[in-house]
Amino acid sequence: MEDSNHGSDRDEQDQHDQDDEMAQQHQLVPKHDKRRSQGKVLPFDLALWNAPSTKRALYESVGIIKQNNPFTVTSHRRDPESGHRKTKTKERQRKRTNQSGTTLHGKRHCNDQVLYQDNTGPHTSSTVADSASAESTCFQETESVIQLNMLKLKLDELKVKEKTKTRRSWASRMEYQEENWQETRPQILLSMIACNTPPDNQSCLLCGDPASIRCNDCDNSSNFICDNCDIKTHSYQPFHRREHWVNGFFEAAPNDATIHIDENGEYSLRGFDQFFPIDVNGYDCCKQCHGSSFQVVPSDATYIAVTLKGRFVVKKQQIKCAEPGCHSIASYEVQNLIRCGFWPGSITRIKYVFSIELLEWISALMKHMPGTSISAFAKAIQHIGQHEDIINKTVLSRVLNEYQYCKREILLKQEFDSMKCPPCSIYQHSAHVDGNFKVYRYSKVPRGLRKALHSGTFIVNDDEVENHFKNVYDEGEKEVSDNTCGGTVWRAAKARAGARANQDQTGLEVGGCRHALAQKACNMYSGEQYGYPHFLHIFFLLPLGVKFLWQDVICRYWPWAKRKVMFREAVDKVKPALSIMHSKAHSWDCQIKWGGRYQPAAGTGTGEEMEQFFSHMSRLGSTTKNMSVAGREDTITEHVLFWNTRKIKSMASQLCRRFRQTTCALSSTTKQLSEYTSKFGCDKDKLKEWHEEIKQVAEGNNRESLSKNELIELFQLLQQEQEADVLSKYSGQTSREKSLLTGKEELYQQVVDFCQQHKDKKKRLEDLSTKLKSKTGLEVHELFRKGEEAAINKKLHDMQAAIELTTCGINHRKEAINQMSDTCKQRTRLRSKNASEKANLKKLLKDYETLQQLTEETRPCLLENVLEGQFPWHSNSVHGDIPFDVKKTSVDMHMYISRCNEELQLLRKDMWNYLIYYEQVEDRLTGMISDLKNEIDQDEVDNRQKKGELALKRKGLWFAKTQLEYGRDMFAKCLDDDWESIECILEEDELYEYLDDDNRVDEDNRVDEDNHVDEDDSVDEDEQNEVY
């Protein structure tokens, strides 16, 4: 009998065991849950059962524990006197005896039967079986399943709650890592310090002699070796990093010496030769005797080998014919170096050799870190090698260029061309042309004599561009471009670059496709003249059949290009589109006329694809400015190939991502437009009327702002003449000495400078007056009046654009503020910006009203009306109470929906072209592989080059198949396995016919507008006789 003093503890333990037994019977926890009593870490589902109260609460919640359940023990206690366990159930569980008198102990539930176990094994008692069958109605099988499922749901909820409680934020995880590092940092430091001590047993690992050499690259780096074993081990392994123990510490061992310890324990240097490793495999026969046996003999000549481990000076080895009587030496030095994994620094008298592993590492790092110089890599290798010997950076640069060029040629053997966009190789819809002035080159740097290895791959020959300039510009003609639009001065429309006088090549004009691949570029030697994009337009985009040309200042470039009659075909077959991001700073009427969102069949392309490429290429400016012409071209081309390769490999996922984004944008914009126009009772027909309205207003503003440069210039010169006459009286009545006495020396100097500048312009004033008088037949005072009117109209138009631009910015920031939380710091910045912009807007409105006083028509401009989108210069287009801004916003959304539908069609065509491209590559490679196999089978001599080329073709075929299979899987998932939507893609002409159905009227109107502008531009050209 157990001690009654421990009755309460036993009750609790028995309660715990009973609950565990019950959970096991219902398959709630496994029977090995007893591990918690052994102090082991339990998984979450087992840890839930640590507390008996928790288990009982779960049982009761799902109805497993019932007071009137005869098969369940609900509670237990022990008699304080006898210590026996008693139960409170209606039917007591007691010992039972079978027919043979065997005593049964314990019980367990199995479905609805009660099984008992004796000393011989489990069996079912007949008496109990009868009782169980009579009482089985209490637990039906369906009820047990329901209860079990309910309990599992409860457990899942508890798991989620527990995981939520234990999940930590990023800040807490970082704090946890910081604590771990702080705790471990002293141990790491002690481990690093311990590495600087020699082992206790300073004897050679191989022979047992006194040792002082440690090699960090051998397998036995933690043990010492002696000088003899060092020579045996490293005579033909010269690129290991060895250290010797001398003067009480480790220091880097020389390449050609080891440490010898004599009998007295004194250290001395012992020189030995290290030989460059050589491979005799691959030599077919001797050229003289045609023997097939060779031997390796040492040579007195040396290599300077550069690896990732530093700079090493090693002796050469030669391959000599081993046939009797023949002592010829093989002349396969370059081939042997490449087989050994090294690249020669020169072809004749090879001195420097560089490991291919090092070149690959430098190439990859430079492409991922644009702007890193070769000099920095050379110094880093010297630092790693722990030697003061200098590495020739000029040789390293040339070797790197040769290696990268060779890799490019190998990729072309595999039919992988990074300059070809897979979808655009079949059909190119649009292109973006833009200039970059970051990758310039100083004129003080010598141009160099060698030709670029990648000549013509990306950057076209300068002679071709120069010949095109001769055809575009007449002799002595200067490009006078108007680089303002919407109150913004565009550097892209600036013909000259005065600040770049010390530069030879000022930048690049780059053209790329809608998938952000850079395709072609030309060097610029001045500002961004229209001749540079015109060259790419004529000789690159036109032969490819490109339909749309995107540019930042297309509103200035296109009228200029139309005046070039020799190249009229270029503007007839290609359509213009203004880049989306840059269009925000153009005048609103310019956005309507040229903006990409208003061009039928343009899709939702941004026209800013080259800006993505420039984010990578611009970082090269820190190194290209001091390069030769060939070095600059090779460096830029290598980065272009790297950028394009990344884009090509991710093309399938990129197309699918754009398709999903366009689909979401179409759905959200359609819903937004419906909600927005429903407030004003607008339908589809009304939207078309608003569209025509906006186009008419934009065209009216455009015609009013047509160039009157000569009249404005004449007015300004005549006005300056009048002002100079008045100021000359002031300068005649005073002098510099008197201005010093009165403190007006600055005012006096300004007056003198102004009068002098006007004297310099008198010649221009006389010529301009004579020219305009002969052409118009008007007197000077009449020309002055017309010039004043033109100047007023131009200034008013510029101020209108500035007011609209400022208002648009204020409203956009206001919408962003409403979407931010109250505690967001950006709200404060945006509010401060809006406050300053409103003050600027008030000043603009005041100046606008002041300038209106010079005209016959005066329109009041109230700040409240302007902020609501009600501009007085649009008053003719307002019908009823609907503001002009509401109409323009509605039309913008309508245009965007049309572009989204076009974009989805274009993306389907891109997907189809992607698959066609790789199918064509696969067919070409399959044919090449078959031809090569036949050639190899017919050759009597083993041709290693052809076998290597065959391996490259197979590798290219594997890549093409991989891309093709990946593209099919991605496109099928993106299009919901609707392959008919791809296979039924329309041909090029049918595609544009389909896209233009709803916008044919808009296209005709745009052509009429272009023709009207042509007439006005031709008049300006006749008047000015200059090219804009």
# chains A, B, ... in the order shown; residues from 1 in each chain; ligands from 1
$ closest_atom_pairs --of "segment 551-601 of chain A" --to "segment 611-615 of chain A" --cutoff "12 Å" --atoms "only C-alpha atoms" --output "Markdown table"
| residue | atom | partner | partner_atom | distance |
| --- | --- | --- | --- | --- |
| A:Gln551 | CA | A:Glu611 | CA | 11.2 |
| A:Asp552 | CA | A:Glu611 | CA | 10.8 |
| A:Ser579 | CA | A:Glu611 | CA | 10.8 |
| A:Ile580 | CA | A:Glu611 | CA | 12.0 |
| A:Met581 | CA | A:Glu611 | CA | 10.4 |
| A:His582 | CA | A:Glu611 | CA | 11.1 |
$ write_last_selection --atoms "N, CA and C atoms" --output "compact mmCIF listing (two decimals), in the first residue's frame"
# COMPACT_ATOMS: atom_id res chain seq x y z
N GLN A 551 10.48 59.65 -77.63
CA GLN A 551 11.58 60.57 -77.33
C GLN A 551 11.11 61.60 -76.31
N ASP A 552 12.08 62.21 -75.60
CA ASP A 552 11.75 63.18 -74.56
C ASP A 552 11.23 64.50 -75.15
N SER A 579 7.52 60.63 -74.46
CA SER A 579 7.74 59.78 -73.29
C SER A 579 6.81 60.19 -72.15
N ILE A 580 6.31 59.20 -71.41
CA ILE A 580 5.27 59.43 -70.41
C ILE A 580 5.77 60.28 -69.26
N MET A 581 6.92 59.93 -68.69
CA MET A 581 7.41 60.67 -67.54
C MET A 581 7.78 62.11 -67.91
N HIS A 582 8.48 62.28 -69.02
CA HIS A 582 8.91 63.62 -69.41
C HIS A 582 7.73 64.47 -69.89
$ closest_residue --among "A:Leu308, A:Ile213, A:Cys340, A:Ile636" --to "Gly371 of chain A" --atoms "only C-alpha atoms"
A:Ile636
$ select_by_dssp --residues "segment 652-895 of chain A" --states "alpha helix (DSSP H)" --output "NGL selection string"
:A and (652-678 or 684-704 or 709-733 or 736-742 or 745-760 or 762-776 or 780-819 or 825-852 or 863-867 or 884-895)
$ atom_distance --atom1 "atom CA of Gln295 of chain A" --atom2 "atom CA of Lys320 of chain A"
5.3 Å
$ atom_distance --atom1 "atom CA of Glu949 of chain A" --atom2 "atom CA of Leu915 of chain A"
25.4 Å
